[in-house]
Each structure stands twice: as structure tokens, then as C-alpha cells.
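Peer 1: Contents are mmCIF, C-alpha atoms; file name start06.cif:
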data_my_file
loop_
_atom_site.group_PDB
_atom_site.id
_atom_site.type_symbol
_atom_site.label_atom_id
_atom_site.label_comp_id
_atom_site.auth_asym_id
_atom_site.auth_seq_id
_atom_site.Cartn_x
_atom_site.Cartn_y
_atom_site.Cartn_z
ATOM 1 C CA MET A 1 120.205 64.120 85.475
ATOM 2 C CA ASP A 2 121.071 65.222 89.022
ATOM 3 C CA SER A 3 119.610 63.864 92.258
ATOM 4 C CA ASP A 4 117.212 66.813 92.724
ATOM 5 C CA GLU A 5 115.688 66.256 89.294
ATOM 6 C CA ILE A 6 115.357 62.526 89.931
ATOM 7 C CA LEU A 7 113.516 63.202 93.191
ATOM 8 C CA LEU A 8 111.248 65.769 91.511
ATOM 9 C CA ARG A 9 110.370 63.360 88.722
ATOM 10 C CA LYS A 10 109.531 60.686 91.277
ATOM 11 C CA ARG A 11 107.360 63.123 93.248
ATOM 12 C CA LEU A 12 105.456 64.295 90.160
ATOM 13 C CA LYS A 13 104.784 60.690 89.124
ATOM 14 C CA GLU A 14 103.525 59.871 92.632
ATOM 15 C CA LEU A 15 101.173 62.865 92.635
ATOM 16 C CA ALA A 16 99.846 62.020 89.184
ATOM 17 C CA ASP A 17 99.225 58.365 90.097
ATOM 18 C CA LYS A 18 97.513 59.187 93.391
ATOM 19 C CA ALA A 19 95.317 61.883 91.837
ATOM 20 C CA TYR A 20 94.261 59.507 89.057
ATOM 21 C CA HIS A 21 93.592 56.410 91.169
ATOM 22 C CA ASN A 22 91.889 58.259 94.058
ATOM 23 C CA SER A 23 90.047 60.823 91.899
ATOM 24 C CA GLN A 24 91.325 63.638 94.081
ATOM 25 C CA TYR A 25 93.126 66.938 93.528
ATOM 26 C CA LEU A 26 96.789 67.100 94.489
ATOM 27 C CA PHE A 27 99.147 70.058 94.275
ATOM 28 C CA THR A 28 102.868 70.673 94.090
ATOM 29 C CA GLY A 29 104.544 73.532 95.898
ATOM 30 C CA PHE A 30 105.655 76.525 93.858
ATOM 31 C CA LEU A 31 108.054 75.434 91.129
ATOM 32 C CA SER A 32 110.987 77.330 89.658
ATOM 33 C CA ALA A 33 111.393 77.672 85.888
ATOM 34 C CA ALA A 34 113.840 74.748 85.853
ATOM 35 C CA GLU A 35 111.463 72.562 87.878
ATOM 36 C CA LEU A 36 108.561 73.444 85.595
ATOM 37 C CA ASP A 37 110.704 72.445 82.622
ATOM 38 C CA THR A 38 111.216 69.041 84.261
ATOM 39 C CA TYR A 39 107.429 68.610 84.324
ATOM 40 C CA TYR A 40 107.145 69.589 80.658
ATOM 41 C CA HIS A 41 109.642 66.849 79.802
ATOM 42 C CA MET A 42 107.326 64.401 81.595
ATOM 43 C CA GLU A 43 104.081 65.913 80.314
ATOM 44 C CA ARG A 44 103.387 63.213 77.743
ATOM 45 C CA ASP A 45 104.070 60.402 80.222
ATOM 46 C CA LEU A 46 101.676 61.990 82.737
ATOM 47 C CA SER A 47 98.935 62.756 80.214
ATOM 48 C CA TYR A 48 96.577 60.209 81.803
ATOM 49 C CA VAL A 49 95.719 62.815 84.460
ATOM 50 C CA PRO A 50 94.679 66.440 83.761
ATOM 51 C CA VAL A 51 97.206 69.034 84.962
ATOM 52 C CA THR A 52 96.697 72.794 85.388
ATOM 53 C CA VAL A 53 99.519 75.313 85.821
ATOM 54 C CA PHE A 54 98.880 78.459 87.904
ATOM 55 C CA GLY A 55 100.745 80.779 90.259
ATOM 56 C CA GLY A 56 98.178 83.306 91.443
ATOM 57 C CA THR A 57 97.710 85.264 88.208
ATOM 58 C CA ALA A 58 98.192 84.327 84.568
ATOM 59 C CA ASP A 59 101.607 86.023 84.441
ATOM 60 C CA CYS A 60 103.257 84.569 87.548
ATOM 61 C CA GLU A 61 106.661 82.998 86.948
ATOM 62 C CA ARG A 62 106.685 80.630 89.931
ATOM 63 C CA VAL A 63 103.719 78.285 89.599
ATOM 64 C CA MET A 64 102.016 75.271 91.139
ATOM 65 C CA LEU A 65 100.783 72.174 89.328
ATOM 66 C CA ARG A 66 97.301 70.889 90.094
ATOM 67 C CA PHE A 67 96.721 67.231 89.278
ATOM 68 C CA GLY A 68 93.049 66.489 88.687
ATOM 69 C CA SER A 69 89.976 68.073 87.114
ATOM 70 C CA GLU A 70 86.264 68.404 87.731
ATOM 71 C CA GLU A 71 85.642 65.606 85.251
ATOM 72 C CA LEU A 72 88.055 63.251 87.037
ATOM 73 C CA CYS A 73 87.243 64.204 90.630
ATOM 74 C CA GLY A 74 83.575 65.121 90.384
ATOM 75 C CA TYR A 75 84.064 68.543 91.995
ATOM 76 C CA GLU A 76 86.113 71.717 91.604
ATOM 77 C CA GLU A 77 88.949 72.732 93.946
ATOM 78 C CA ALA A 78 90.821 76.028 93.788
ATOM 79 C CA PHE A 79 94.583 76.355 94.066
ATOM 80 C CA PRO A 80 95.691 76.733 97.721
ATOM 81 C CA ILE A 81 97.299 80.107 97.022
ATOM 82 C CA ARG A 82 96.999 83.323 99.012
ATOM 83 C CA CYS A 83 98.298 86.788 98.203
ATOM 84 C CA ILE A 84 99.747 88.845 101.050
ATOM 85 C CA GLU A 85 100.209 92.590 100.819
ATOM 86 C CA ILE A 86 103.361 93.749 102.625
ATOM 87 C CA ALA A 87 103.429 97.463 103.487
ATOM 88 C CA PRO A 88 105.493 99.749 105.749
ATOM 89 C CA LEU A 89 103.927 100.552 109.098
ATOM 90 C CA VAL A 90 104.638 104.221 108.436
ATOM 91 C CA GLU A 91 104.541 104.944 104.713
ATOM 92 C CA LYS A 92 106.847 107.982 104.714
ATOM 93 C CA PHE A 93 109.588 106.098 106.592
ATOM 94 C CA GLY A 94 109.436 103.016 104.361
ATOM 95 C CA GLU A 95 112.519 102.119 102.324
ATOM 96 C CA GLU A 96 112.534 101.337 98.607
ATOM 97 C CA LEU A 97 113.048 97.598 99.014
ATOM 98 C CA GLY A 98 114.081 95.141 96.327
ATOM 99 C CA HIS A 99 113.132 91.550 95.583
ATOM 100 C CA ARG A 100 116.181 90.220 97.433
ATOM 101 C CA ASP A 101 115.260 92.221 100.538
ATOM 102 C CA TYR A 102 111.792 90.677 100.722
ATOM 103 C CA LEU A 103 112.974 87.180 99.890
ATOM 104 C CA GLY A 104 115.875 87.384 102.347
ATOM 105 C CA ALA A 105 113.574 88.419 105.193
ATOM 106 C CA LEU A 106 111.258 85.505 104.410
ATOM 107 C CA MET A 107 114.110 83.008 104.235
ATOM 108 C CA ASN A 108 115.340 84.246 107.620
ATOM 109 C CA LEU A 109 112.036 83.053 109.052
ATOM 110 C CA GLY A 110 112.979 79.517 108.086
ATOM 111 C CA ILE A 111 110.419 79.316 105.279
ATOM 112 C CA GLU A 112 110.917 76.793 102.478
ATOM 113 C CA ARG A 113 111.215 78.327 99.027
ATOM 114 C CA SER A 114 108.580 75.968 97.617
ATOM 115 C CA THR A 115 105.919 77.650 99.779
ATOM 116 C CA LEU A 116 106.592 81.052 98.165
ATOM 117 C CA GLY A 117 105.534 82.206 94.726
ATOM 118 C CA ASP A 118 106.177 85.492 92.964
ATOM 119 C CA ILE A 119 106.945 88.695 94.843
ATOM 120 C CA VAL A 120 105.635 91.724 92.951
ATOM 121 C CA ILE A 121 106.878 95.123 94.098
ATOM 122 C CA ALA A 122 104.741 98.249 93.708
ATOM 123 C CA ALA A 123 106.536 101.329 95.117
ATOM 124 C CA LYS A 124 106.929 100.718 98.883
ATOM 125 C CA HIS A 125 104.435 97.844 98.895
ATOM 126 C CA ALA A 126 104.817 94.260 97.745
ATOM 127 C CA PHE A 127 102.400 91.476 96.868
ATOM 128 C CA LEU A 128 103.580 88.003 97.857
ATOM 129 C CA PHE A 129 101.962 84.814 96.592
ATOM 130 C CA CYS A 130 102.328 81.928 99.009
ATOM 131 C CA THR A 131 100.684 78.658 99.993
ATOM 132 C CA GLU A 132 97.458 78.845 101.954
ATOM 133 C CA LYS A 133 99.055 77.039 104.916
ATOM 134 C CA MET A 134 102.042 79.398 105.072
ATOM 135 C CA ALA A 135 100.043 82.642 104.916
ATOM 136 C CA PRO A 136 99.116 82.861 108.651
ATOM 137 C CA TYR A 137 102.726 82.237 109.706
ATOM 138 C CA ILE A 138 104.017 85.003 107.435
ATOM 139 C CA ILE A 139 101.368 87.472 108.580
ATOM 140 C CA GLU A 140 102.208 86.784 112.224
ATOM 141 C CA ASN A 141 106.003 86.734 111.975
ATOM 142 C CA LEU A 142 107.160 89.022 109.151
ATOM 143 C CA ALA A 143 107.527 92.334 110.977
ATOM 144 C CA ARG A 144 110.712 93.903 109.631
ATOM 145 C CA ILE A 145 112.573 94.072 106.316
ATOM 146 C CA ARG A 146 115.978 95.702 106.506
ATOM 147 C CA HIS A 147 115.311 98.874 108.533
ATOM 148 C CA THR A 148 111.588 99.064 107.733
ATOM 149 C CA ASN A 149 108.876 97.842 110.079
ATOM 150 C CA VAL A 150 106.116 96.253 108.010
ATOM 151 C CA ARG A 151 102.588 94.938 108.355
ATOM 152 C CA CYS A 152 101.183 92.012 106.417
ATOM 153 C CA ARG A 153 97.609 91.177 105.499
ATOM 154 C CA ILE A 154 95.713 89.126 102.973
ATOM 155 C CA ALA A 155 95.197 91.360 99.942
ATOM 156 C CA ASP A 156 91.542 92.242 99.496
ATOM 157 C CA HIS A 157 92.034 93.073 95.852
ATOM 158 C CA ILE A 158 95.005 92.679 93.560
ATOM 159 C CA PRO A 159 94.930 95.194 90.696
ATOM 160 C CA GLU A 160 96.109 93.497 87.514
ATOM 161 C CA SER A 161 98.029 96.678 86.681
ATOM 162 C CA THR A 162 100.061 96.061 89.845
ATOM 163 C CA ILE A 163 100.822 92.438 89.124
ATOM 164 C CA THR A 164 101.350 92.747 85.376
ATOM 165 C CA ARG A 165 103.371 95.875 84.647
ATOM 166 C CA LEU A 166 104.783 95.886 81.128
ATOM 167 C CA GLU A 167 107.059 98.295 79.345
ATOM 168 C CA ARG A 168 107.008 98.152 75.533
ATOM 169 C CA ARG A 169 110.489 98.332 74.031
ATOM 170 C CA THR A 170 111.666 98.349 70.416
ATOM 171 C CA VAL A 171 115.139 97.108 69.474
ATOM 172 C CA GLN A 172 116.950 96.556 66.179
ATOM 173 C CA VAL A 173 118.261 93.095 65.272
ATOM 174 C CA SER A 174 119.382 91.386 62.077
ATOM 175 C CA ALA A 175 116.930 88.533 62.710
ATOM 176 C CA ALA A 176 114.412 87.605 65.404
ATOM 177 C CA ARG A 177 116.767 84.978 66.826
ATOM 178 C CA ALA A 178 116.418 84.333 70.534
ATOM 179 C CA ASP A 179 120.060 85.193 71.295
ATOM 180 C CA SER A 180 119.936 88.430 69.283
ATOM 181 C CA VAL A 181 116.762 89.680 70.927
ATOM 182 C CA ILE A 182 117.973 88.780 74.435
ATOM 183 C CA ALA A 183 121.298 90.523 73.793
ATOM 184 C CA LYS A 184 119.540 93.739 72.768
ATOM 185 C CA ILE A 185 116.926 93.646 75.517
ATOM 186 C CA TYR A 186 119.495 93.212 78.288
ATOM 187 C CA ASN A 187 122.396 95.156 76.712
ATOM 188 C CA LEU A 188 124.628 92.106 76.325
ATOM 189 C CA SER A 189 127.151 91.094 73.707
ATOM 190 C CA ARG A 190 126.188 88.209 71.418
ATOM 191 C CA SER A 191 128.706 85.923 73.164
ATOM 192 C CA GLU A 192 127.264 86.828 76.589
ATOM 193 C CA SER A 193 123.795 86.058 75.306
ATOM 194 C CA VAL A 194 124.881 82.693 73.871
ATOM 195 C CA GLU A 195 126.486 81.816 77.214
ATOM 196 C CA LEU A 196 123.091 82.193 78.902
ATOM 197 C CA PHE A 197 121.765 79.381 76.714
ATOM 198 C CA ARG A 198 124.783 77.194 77.484
ATOM 199 C CA ALA A 199 124.249 77.844 81.206
ATOM 200 C CA LYS A 200 120.599 76.722 80.857
ATOM 201 C CA LYS A 201 119.238 80.063 81.990
ATOM 202 C CA VAL A 202 116.791 80.733 79.143
ATOM 203 C CA PHE A 203 113.210 79.473 79.195
ATOM 204 C CA VAL A 204 110.593 80.066 76.505
ATOM 205 C CA ASN A 205 106.971 79.493 77.507
ATOM 206 C CA GLY A 206 108.141 77.669 80.619
ATOM 207 C CA ARG A 207 110.429 75.270 78.760
ATOM 208 C CA LEU A 208 114.218 75.279 78.847
ATOM 209 C CA ASN A 209 115.565 76.572 75.537
ATOM 210 C CA GLU A 210 119.129 75.669 74.578
ATOM 211 C CA ASN A 211 118.722 76.622 70.909
ATOM 212 C CA ASN A 212 120.117 80.146 70.860
ATOM 213 C CA GLY A 213 119.525 80.432 67.106
ATOM 214 C CA GLY A 214 115.823 79.632 67.302
ATOM 215 C CA GLN A 215 113.321 82.206 66.057
ATOM 216 C CA LEU A 216 110.990 83.820 68.582
ATOM 217 C CA LYS A 217 107.291 83.897 67.701
ATOM 218 C CA PRO A 218 104.736 86.556 68.676
ATOM 219 C CA GLY A 219 103.376 85.768 72.140
ATOM 220 C CA ASP A 220 106.447 83.832 73.315
ATOM 221 C CA LYS A 221 107.179 84.496 76.977
ATOM 222 C CA VAL A 222 110.922 84.471 77.642
ATOM 223 C CA THR A 223 112.486 84.101 81.095
ATOM 224 C CA VAL A 224 116.215 84.776 81.498
ATOM 225 C CA ARG A 225 117.267 83.685 84.971
ATOM 226 C CA GLY A 226 119.070 86.500 86.748
ATOM 227 C CA SER A 227 117.956 89.125 84.222
ATOM 228 C CA GLY A 228 114.172 89.187 83.936
ATOM 229 C CA ARG A 229 111.256 88.311 81.678
ATOM 230 C CA PHE A 230 109.691 89.640 78.520
ATOM 231 C CA CYS A 231 106.961 88.789 76.048
ATOM 232 C CA PHE A 232 107.991 88.885 72.395
ATOM 233 C CA VAL A 233 105.463 90.985 70.487
ATOM 234 C CA GLY A 234 106.827 90.649 66.950
ATOM 235 C CA THR A 235 108.444 92.619 64.151
ATOM 236 C CA ALA A 236 107.493 96.187 63.320
ATOM 237 C CA GLY A 237 109.161 96.874 59.980
ATOM 238 C CA GLU A 238 112.752 97.370 58.871
ATOM 239 C CA THR A 239 115.274 100.156 59.281
ATOM 240 C CA ARG A 240 116.934 101.796 56.268
ATOM 241 C CA LYS A 241 119.964 99.600 56.867
ATOM 242 C CA GLY A 242 117.915 96.415 56.667
ATOM 243 C CA LYS A 243 117.681 95.739 60.386
ATOM 244 C CA LEU A 244 114.443 94.442 61.879
ATOM 245 C CA ASN A 245 112.561 96.524 64.410
ATOM 246 C CA VAL A 246 111.247 94.038 66.960
ATOM 247 C CA GLU A 247 108.990 94.831 69.892
ATOM 248 C CA ALA A 248 108.909 93.200 73.316
ATOM 249 C CA ASP A 249 106.923 93.840 76.474
ATOM 250 C CA ILE A 250 109.291 93.838 79.459
ATOM 251 C CA TYR A 251 107.955 92.714 82.824
ATOM 252 C CA CYS A 252 108.861 95.497 85.267
#
Give the structure from the file, written as C-alpha cells.
Peer 2:
Amino acid sequence: MDSDEILLRKRLKELADKAYHNSQYLFTGFLSAAELDTYYHMERDLSYVPVTVFGGTADCERVMLRFGSEELCGYEEAFPIRCIEIAPLVEKFGEELGHRDYLGALMNLGIERSTLGDIVIAAKHAFLFCTEKMAPYIIENLARIRHTNVRCRIADHIPESTITRLERRTVQVSAARADSVIAKIYNLSRSESVELFRAKKVFVNGRLNENNGGQLKPGDKVTVRGSGRFCFVGTAGETRKGKLNVEADIYC
């Protein structure tokens, strides 16, 4: 266990204790997949206080933890999350920007990663989830990304089709093993896929998965750090050569 994980565990325990004893809601910043897995390893020990996981929509990868509930606290409190729409000042001159472009511009403003959630790109626009406190600073200071001048505003409405864009894909595997499906989805060799598990880059339903031979179940959400995410749909029959047709919804 490294020093960062030790500090995170201590912080989560402090938040849980304070929320329970003071009957108040407390929130983490946005957590990465690895940080969320640390919480799941502590989940049983922290079960004395209700915890909710949310990142802005049901399909966000980076999420906050909310310690507390209406039953414990006597009132309801929403997550302190805002969604900012980032758009080019002049649409026709806007570049096709990638996730790294947006994130790099935000980091150059001196913003801590824990205040930023998912960045969802839709053509030349992007939707950024961030903490409520950070939103005004971003709106005031984020004016340029690469060569594109941009404007930022709180999104009035976030179409679910924009946030959750899925592409159904069918691949052939000998069995619905996690390493086999990941290899086919991301065009990797079996050894390259296995290495992802050894490097602790595979998460299933928010939990670190080091068992490359484990079977995926319908509804499992798989995150492969550095490659992407998909939801395993299930099997859809066999090929003439005895291979399984398996379907997955890829997050675009």
C-alpha cells in the first residue's frame, strides 16, 4: 500500500466518522477508478454510514462519494456538481479537440484534478462535470484551448444521448473471459490483454479486477485505463466453428 492510498483511506474514514457523528452530509472530490476501488475495499468497514456514488450522470467514470442520507441527517442534500458546456466562440473556426486538449487547458489554469469529473465531447462542444465551487473560476478563466477561443457556461440541459453515447459491437471469442473480450474489443493480443490486468488497469463495476480469466456477466461495466470503457451485454449465439458471439456497448 503506497502513501497516497494510505492518505486516501485515512481521509475516507475521517469523512465517514464526521458524517455519522454530526449527522451531516460530507463529500469527497472526484475520484479516479483506482481511488474508487480503494473505497470499495473499505466499504464493509464504513458500512455504519450510508454512502452514495455519483458523478453527474449514472454513467460517469469519475465520481464523488456522499457520506450521509436523509434518514441519518434529517434532510436531503444534492451533490455539489455542476456541468459546464464548453463551445467555440465561432463554431466554423473551432478545432476538433480531444480529451487531452480540454484536460491540458484546465490543468494549465492550476486546477486540481479532484475538482474535475468526466469530460464528454460532442463534436466541437464538450460537457465538463466539476465541483460547484470550481465552476465560476472555470467559466471566468477558460478562454482558449489550443488555437480555439472558447466560451463556457453552465449547461441548461444535458441530453442523455450526448453524455451516454454507446456503440454496439459483436466480437467472437472462445469464452466470455475478461481478457479475451478486452483483447477483441481493443484489438490486442491475448498477452497484451493479460498485461493490462497485471498492471492493474482493468476495473469491473468500479472495482479493480486482477483475475484475467474471470467470466464477464451481462451488465458488467468494464473500464480499461488508457483504452476506454464498455458494458458487457452478453452472448448472442455461436459461430459454425464453435466460437461465441458476444456483444458489448462501447462508450464513445
Peer 1: Go through A:Arg44, A:Lys201, A:Lys243, A:Arg153 one by one, measure the shortest atom-to-atom distance of each to Ala176 in chain A using all atoms listed in the file, and give the residue with the smallest value.
Peer 2: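 The answer is A:Lys243, which sits nearest to Ala176 in chain A.
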Peer 1: Could you give me the axis-aligned bounding box of range 90-101 of chain A, with 4 Å of padding per side, as centre plus edge lengths in Å to one decimal, as AutoDock Vina command-line options?
Peer 2:
--center_x 110.4 --center_y 99.1 --center_z 102.0 --size_x 19.6 --size_y 25.8 --size_z 20.9
Peer 1: Spell out the residues picked by the PyMOL selection byres ((chain A and resi 246) around 7) here, as an MDAnalysis selection string.
Peer 2: chainID A and resid 170:172 234:236 244:245 247:248
Peer 1: Considering only C-alpha atoms, can you say which of A:Tyr40, A:Phe203, A:Phe30, A:Tyr48 comes closest to Cys130 in chain A?
Peer 2: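 Under the stated criterion, the closest residue is A:Phe30.
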Peer 1: Expanded to explicit residues, what is the PyMOL selection byres ((chain A and resi 101-106) around 9) for this file, as a short mmCIF file (atom, residue, chain, number, x, y, z; two decimals) with C-alpha atoms, in the frame of the given file?
Peer 2:
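Below you can see out01.cif, which holds the result:
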data_model
loop_
_atom_site.label_atom_id
_atom_site.label_comp_id
_atom_site.auth_asym_id
_atom_site.auth_seq_id
_atom_site.Cartn_x
_atom_site.Cartn_y
_atom_site.Cartn_z
CA LEU A 97 113.05 97.60 99.01
CA GLY A 98 114.08 95.14 96.33
CA HIS A 99 113.13 91.55 95.58
CA ARG A 100 116.18 90.22 97.43
CA MET A 107 114.11 83.01 104.24
CA ASN A 108 115.34 84.25 107.62
CA LEU A 109 112.04 83.05 109.05
CA GLY A 110 112.98 79.52 108.09
CA ILE A 111 110.42 79.32 105.28
CA GLU A 112 110.92 76.79 102.48
CA ARG A 113 111.22 78.33 99.03
CA LEU A 116 106.59 81.05 98.16
CA ILE A 119 106.94 88.70 94.84
CA ALA A 126 104.82 94.26 97.74
CA ILE A 138 104.02 85.00 107.44
CA LEU A 142 107.16 89.02 109.15
CA ARG A 144 110.71 93.90 109.63
CA ILE A 145 112.57 94.07 106.32
CA ARG A 146 115.98 95.70 106.51
#
Peer 1: Give as a PyMOL selection string each residue that has an atom at most 8 Å from (106.6, 86.1, 92.9) in the file, counting all atoms listed in the file.
Peer 2: chain A and resi 60-62+116-120+127-129
Peer 1: What lies within 10 Å of Leu65 in chain A using only C-alpha atoms, ignoring chain neighbours under 4 positions off, as a PyMOL selection string?
Peer 2: chain A and resi 12+15+26-31+36+39+51-55+79
Peer 1: Could you tell me, as a list of chain:residue names, exactly which residues end up selected when the PyMOL selection byres ((chain A and resi 154) around 10) is applied to this structure?
Peer 2: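 So the PyMOL selection byres ((chain A and resi 154) around 10) ends up selecting A:Arg82, A:Cys83, A:Ile84, A:Glu85, A:Ile86, A:Phe127, A:Leu128, A:Phe129, A:Ala135, A:Pro136, A:Ile139, A:Cys152, A:Arg153, A:Ala155, A:Asp156, A:His157.
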Peer 1: What is the distance between CA of Thr131 in chain A and CA of Pro80 in chain A, in Å to one decimal?
Peer 2: 5.8 Å
Peer 1: Calculated over all atoms listed in the file, which of the candidates A:Asn141, A:Asn22, A:Thr57, A:Asn211 has the smallest distance to Ser180 in chain A?
Peer 2: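 Residue with the minimum atom-to-atom distance to Ser180 in chain A: A:Asn211.
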Peer 1: By how many Å are CA of Glu210 in chain A and CA of Arg198 in chain A apart?
Peer 2: 6.5 Å
Peer 1: Mind checking which residues fall within 12 Å of His21 in chain A, counting all atoms listed in the file, ignoring those fewer than 2 positions away in the same chain, and posting them as a list in words?
Peer 2: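 My reading of the contact set: Glu14, Leu15, Ala16, Asp17, Lys18, Ala19, Ser23, Gln24, Tyr25, Leu26, Tyr48, Val49, Phe67, Gly68, Leu72 and Cys73 of chain A.
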Peer 1: So how far away is CA of Val181 in chain A from CA of Gly214 in chain A, in Å?
Peer 2: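 Spanning CA of Gly214 in chain A to CA of Val181 in chain A is a straight-line distance of 10.7 Å.
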Peer 1: From the options A:Ala34, A:Ala175, A:Ala58, A:Val63, which residue's atoms come nearest to Thr115 in chain A, counting all atoms listed in the file?
Peer 2: A:Val63
Peer 1: When distances are computed from all atoms listed in the file, which of A:Gly226, A:Gly94, A:Lys221, A:Arg207 shows the smallest separation from Glu43 in chain A?
Peer 2: A:Arg207
Peer 1: When you look at Glu167 in chain A with a cut-off of 12 Å (counting only C-alpha atoms), what residues show up, excluding the ones that are within fewer than 3 positions of it in the same chain? I need them as a list of chain:residue names.
Peer 2: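 Once the adjacent positions are removed, what remains is A:Ser161, A:Thr164, A:Thr170, A:Ile185, A:Arg229, A:Phe230, A:Cys231, A:Phe232, A:Val233, A:Glu247, A:Ala248, A:Asp249, A:Ile250, A:Tyr251, A:Cys252.
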Peer 1: Between A:Asp2, A:Glu35, A:Asp59, A:Asp220, which one has atoms that come closest to Leu166 in chain A, using all atoms listed in the file?
Peer 2: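 Of A:Asp2, A:Glu35, A:Asp59, A:Asp220, the one nearest Leu166 in chain A is A:Asp59, counting all atoms listed in the file.
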Peer 1: Could N, CA and C atoms be built for range 99-123 of chain A and written out as a PDB file, in the frame of the given file?
Peer 2:
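Output contents, as saved in selection-v4.pdb:
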ATOM      1  N   HIS A  99     113.570  92.948  95.500  1.00  0.00           N
ATOM      2  CA  HIS A  99     113.132  91.550  95.583  1.00  0.00           C
ATOM      3  C   HIS A  99     113.987  90.755  96.562  1.00  0.00           C
ATOM      4  N   ARG A 100     115.283  90.966  96.533  1.00  0.00           N
ATOM      5  CA  ARG A 100     116.181  90.220  97.433  1.00  0.00           C
ATOM      6  C   ARG A 100     115.929  90.568  98.894  1.00  0.00           C
ATOM      7  N   ASP A 101     115.552  91.815  99.158  1.00  0.00           N
ATOM      8  CA  ASP A 101     115.260  92.221 100.538  1.00  0.00           C
ATOM      9  C   ASP A 101     114.064  91.447 101.078  1.00  0.00           C
ATOM     10  N   TYR A 102     112.990  91.403 100.291  1.00  0.00           N
ATOM     11  CA  TYR A 102     111.792  90.677 100.722  1.00  0.00           C
ATOM     12  C   TYR A 102     112.081  89.187 100.867  1.00  0.00           C
ATOM     13  N   LEU A 103     112.718  88.613  99.857  1.00  0.00           N
ATOM     14  CA  LEU A 103     112.974  87.180  99.890  1.00  0.00           C
ATOM     15  C   LEU A 103     113.922  86.821 101.032  1.00  0.00           C
ATOM     16  N   GLY A 104     114.935  87.645 101.264  1.00  0.00           N
ATOM     17  CA  GLY A 104     115.875  87.384 102.347  1.00  0.00           C
ATOM     18  C   GLY A 104     115.192  87.389 103.705  1.00  0.00           C
ATOM     19  N   ALA A 105     114.297  88.348 103.929  1.00  0.00           N
ATOM     20  CA  ALA A 105     113.574  88.419 105.193  1.00  0.00           C
ATOM     21  C   ALA A 105     112.702  87.185 105.394  1.00  0.00           C
ATOM     22  N   LEU A 106     112.097  86.705 104.328  1.00  0.00           N
ATOM     23  CA  LEU A 106     111.258  85.505 104.410  1.00  0.00           C
ATOM     24  C   LEU A 106     112.099  84.259 104.683  1.00  0.00           C
ATOM     25  N   MET A 107     113.231  84.157 104.009  1.00  0.00           N
ATOM     26  CA  MET A 107     114.110  83.008 104.235  1.00  0.00           C
ATOM     27  C   MET A 107     114.645  82.989 105.665  1.00  0.00           C
ATOM     28  N   ASN A 108     114.860  84.157 106.238  1.00  0.00           N
ATOM     29  CA  ASN A 108     115.340  84.246 107.620  1.00  0.00           C
ATOM     30  C   ASN A 108     114.309  83.755 108.632  1.00  0.00           C
ATOM     31  N   LEU A 109     113.069  83.621 108.185  1.00  0.00           N
ATOM     32  CA  LEU A 109     112.036  83.053 109.052  1.00  0.00           C
ATOM     33  C   LEU A 109     112.006  81.524 108.979  1.00  0.00           C
ATOM     34  N   GLY A 110     112.911  80.974 108.199  1.00  0.00           N
ATOM     35  CA  GLY A 110     112.979  79.517 108.086  1.00  0.00           C
ATOM     36  C   GLY A 110     111.950  78.934 107.134  1.00  0.00           C
ATOM     37  N   ILE A 111     111.470  79.748 106.207  1.00  0.00           N
ATOM     38  CA  ILE A 111     110.419  79.316 105.279  1.00  0.00           C
ATOM     39  C   ILE A 111     111.043  78.615 104.076  1.00  0.00           C
ATOM     40  N   GLU A 112     110.445  77.513 103.652  1.00  0.00           N
ATOM     41  CA  GLU A 112     110.917  76.793 102.478  1.00  0.00           C
ATOM     42  C   GLU A 112     110.533  77.550 101.209  1.00  0.00           C
ATOM     43  N   ARG A 113     111.447  77.573 100.263  1.00  0.00           N
ATOM     44  CA  ARG A 113     111.215  78.327  99.027  1.00  0.00           C
ATOM     45  C   ARG A 113     109.993  77.818  98.271  1.00  0.00           C
ATOM     46  N   SER A 114     109.697  76.541  98.368  1.00  0.00           N
ATOM     47  CA  SER A 114     108.580  75.968  97.617  1.00  0.00           C
ATOM     48  C   SER A 114     107.226  76.466  98.099  1.00  0.00           C
ATOM     49  N   THR A 115     107.190  77.113  99.276  1.00  0.00           N
ATOM     50  CA  THR A 115     105.919  77.650  99.779  1.00  0.00           C
ATOM     51  C   THR A 115     105.690  79.086  99.312  1.00  0.00           C
ATOM     52  N   LEU A 116     106.663  79.652  98.592  1.00  0.00           N
ATOM     53  CA  LEU A 116     106.592  81.052  98.165  1.00  0.00           C
ATOM     54  C   LEU A 116     106.553  81.155  96.648  1.00  0.00           C
ATOM     55  N   GLY A 117     105.618  81.957  96.156  1.00  0.00           N
ATOM     56  CA  GLY A 117     105.534  82.206  94.726  1.00  0.00           C
ATOM     57  C   GLY A 117     106.197  83.516  94.361  1.00  0.00           C
ATOM     58  N   ASP A 118     105.611  84.227  93.422  1.00  0.00           N
ATOM     59  CA  ASP A 118     106.177  85.492  92.964  1.00  0.00           C
ATOM     60  C   ASP A 118     106.048  86.579  94.038  1.00  0.00           C
ATOM     61  N   ILE A 119     107.000  87.482  94.019  1.00  0.00           N
ATOM     62  CA  ILE A 119     106.945  88.695  94.843  1.00  0.00           C
ATOM     63  C   ILE A 119     106.912  89.870  93.879  1.00  0.00           C
ATOM     64  N   VAL A 120     105.808  90.605  93.883  1.00  0.00           N
ATOM     65  CA  VAL A 120     105.635  91.724  92.951  1.00  0.00           C
ATOM     66  C   VAL A 120     105.708  93.025  93.731  1.00  0.00           C
ATOM     67  N   ILE A 121     106.643  93.880  93.363  1.00  0.00           N
ATOM     68  CA  ILE A 121     106.878  95.123  94.098  1.00  0.00           C
ATOM     69  C   ILE A 121     106.165  96.285  93.414  1.00  0.00           C
ATOM     70  N   ALA A 122     105.441  97.057  94.202  1.00  0.00           N
ATOM     71  CA  ALA A 122     104.741  98.249  93.708  1.00  0.00           C
ATOM     72  C   ALA A 122     105.062  99.396  94.657  1.00  0.00           C
ATOM     73  N   ALA A 123     106.057 100.229  94.266  1.00  0.00           N
ATOM     74  CA  ALA A 123     106.536 101.329  95.117  1.00  0.00           C
ATOM     75  C   ALA A 123     107.029 100.755  96.449  1.00  0.00           C
TER      76      ALA A 123
END
